[in-house]
Amino acid sequence: LNRSYREQNLPVTDGSRELHSLCAQLEFLLQFDLKEKKSFFGQRKDYWDFLCQGLAQRRQEHEGIRFVISLDKLKTPVGRGRAFLRYCLVHRQLAESLQLCLIDPESLSEWYYARSPFLSPQRRAEILGSLYELDGITFHLALHRADLDTAWPMFSENGWRGGQRDRQTFSPLPPWGWAQRCHTCPNARARQDGERWASALQRTQREVQEREAMRGAEQARQQELIRDMKGRLLELLREKDALWQKTEGIDPQAPSPAPRDVGLCARCGKDFRLLSRRYSCRLCQGKVCHTCSVDMGKQGRCCLLCYQQRHPQAT
C-alpha cells in the first residue's frame with residue numbers, strides 16, 4: 001500500500017484493493033483468538049469493545065470513539081469497529097490508538113487467548129511498526145457509511161463504468177492463507193474451548209467426590225455420636241429408676257402382693273361396701289380399706305405394709 005501510494009502519488013480511496021486487503025487482515029488480527037464476551041443485554045462483544053476499554057484506560061476521550069458513537073445507523077460492534085479503523089486511517093491515528101490499547105498486558109490477557117499475536121512482544125512490535133508506516137499515506141474515505149455492519153466497502157462510487165465494475169478498483173478476496181486461517185480458526189477455538197471445558201469438568205468432578213467423601217465421614221461420626229448418646233440415655237434412665245425406688249423405699253425384689261379380688265381389701269380381705277370405703281395405696285397400688293391404710297397427708301394414703309416398710313420405727 002505504501003509503495004502504491006508513492007508510485008501513484010494519489011490519496012487512497014475505497015476503490016483500492018490494497019486498502020481492502022489491509023482492512024480485512026487487520027480485522028482478522030483483532031478478532032483472532034478473541035475471548036467470547038457478552039454485554040449486559042446479551043450482545044456479543046467484539047474488538048470494538050476492546051478498543052473502547054483500552055482507550056478509556058489511557059485517555060479521557062478519543063475523537064474516533066466519539067465520532068463512531070455519533071453514527072446512529074451502525075448497530076453492531078463489528079460495524080463500529082470498522083468505522084473506527086477507517087476514521088483512524090483518515091486522521092493518521094491508527095498505530096497510536098492501537099499502541100495505547102496493546103500496552104497493558106493484563107488487559108490483553110483479559111480479552112485474548114494465548115495464541116493471539118498481540119500477546120507476543122515481538123509480533124506486537126512488528127505489527128505496530130508496520131502500522132506506523134501508514135501515517136505517511138493520505139486516505140480519502142467516506143466515513144459516514146451505513147453498510148459497515150454487513151461488510152467492508154468493496155468498491156467506491158467511482159468504480160462503476162457503464163454498469164460494469166472497474167477492474168482497477170475491484171477489491172479481491174483476502175489472500176488464500178488468510179482465508180484458510182479464518183476457516184480453521186473456529187475449529188481451533190472450539191478445540192481449545194473443549195479442552196478447557198473438559199479440564200473444568202474433571203476439576204468439578206474431583207471436588208464433588210471430595211465433598212461426598214467428607215459428607216460420608218461426617219455422617220458416620222454423627223451416627224456414632226447418636227449411638228453413644230442413646231447408650232448414655234439408657235444408663236441415665238436405669239440410674240433414675242434405681243434412685244426413685246431407693247427414695248420411695250420400694251424393694252424391687254419383694255413387691256407387695258396384688259389382690260386377687262378388687263372387691264376385697266388386699267390386707268384384711270374385708271368387702272368394700274357403702275360404709276367401707278376403698279383406698280388405693282400410692283406405693284403398691286393395692287386396694288385397701290380405711291382400717292388397713294394410713295393417711296400420709298399431701299402424699300395421699302398407703303397401706304400398712306408399705307408404711308411399715310418405709311417407716312420401720314413406727315412399728
# chains A, B, ... in the order shown; residues from 1 in each chain; ligands from 1
call {"tool": "select_by_dssp", "arguments": {"residues": "region 207-290 of chain A", "states": "strand (DSSP E)", "output": "number ranges by chain"}}
result
A: 279-280, 287-288
call {"tool": "residues_around", "arguments": {"residues": "Ser116 (chain A)", "least_positions_apart": "3", "cutoff": "7 Å", "atoms": "only C-alpha atoms", "output": "ChimeraX atom specification"}}
result
/A:32-33,112-113,119
call {"tool": "write_last_selection", "arguments": {"atoms": "N, CA and C atoms", "output": "PDB file, in the first residue's frame"}}
result
ATOM      1  N   PHE A  32      -8.722 -12.508  15.964  1.00  0.00           N
ATOM      2  CA  PHE A  32      -8.114 -13.827  16.118  1.00  0.00           C
ATOM      3  C   PHE A  32      -7.915 -14.156  17.599  1.00  0.00           C
ATOM      4  N   ASP A  33      -8.443 -15.302  18.013  1.00  0.00           N
ATOM      5  CA  ASP A  33      -8.317 -15.792  19.393  1.00  0.00           C
ATOM      6  C   ASP A  33      -8.883 -14.802  20.409  1.00  0.00           C
ATOM      7  N   TYR A 112      -7.866 -11.702  25.131  1.00  0.00           N
ATOM      8  CA  TYR A 112      -7.342 -12.614  24.119  1.00  0.00           C
ATOM      9  C   TYR A 112      -6.772 -13.865  24.779  1.00  0.00           C
ATOM     10  N   TYR A 113      -6.862 -14.972  24.014  1.00  0.00           N
ATOM     11  CA  TYR A 113      -6.223 -16.210  24.432  1.00  0.00           C
ATOM     12  C   TYR A 113      -4.733 -16.175  24.075  1.00  0.00           C
ATOM     13  N   LEU A 119      -0.213 -10.916  22.126  1.00  0.00           N
ATOM     14  CA  LEU A 119       0.410 -11.310  23.386  1.00  0.00           C
ATOM     15  C   LEU A 119       1.900 -11.579  23.240  1.00  0.00           C
TER      16      LEU A 119
END
call {"tool": "closest_residue", "arguments": {"among": "A:Leu283, A:Ala125, A:Leu30, A:Met214", "to": "Gly300 (chain A)", "atoms": "only C-alpha atoms"}}
result
A:Leu283
call {"tool": "closest_residue", "arguments": {"among": "A:Phe28, A:Trp111, A:Phe84, A:Phe118", "to": "Leu143 (chain A)", "atoms": "only C-alpha atoms"}}
result
A:Phe84
call {"tool": "select_by_dssp", "arguments": {"residues": "region 47-174 of chain A", "states": "helix (DSSP H, G or I)", "output": "PyMOL selection string"}}
result
chain A and resi 47-58+63-69+77-90+94-102+105-111+117-119+121-136+157-159
call {"tool": "atom_distance", "arguments": {"atom1": "CA of Ala114 (chain A)", "atom2": "CA of Gln192 (chain A)"}}
result
10.5 Å
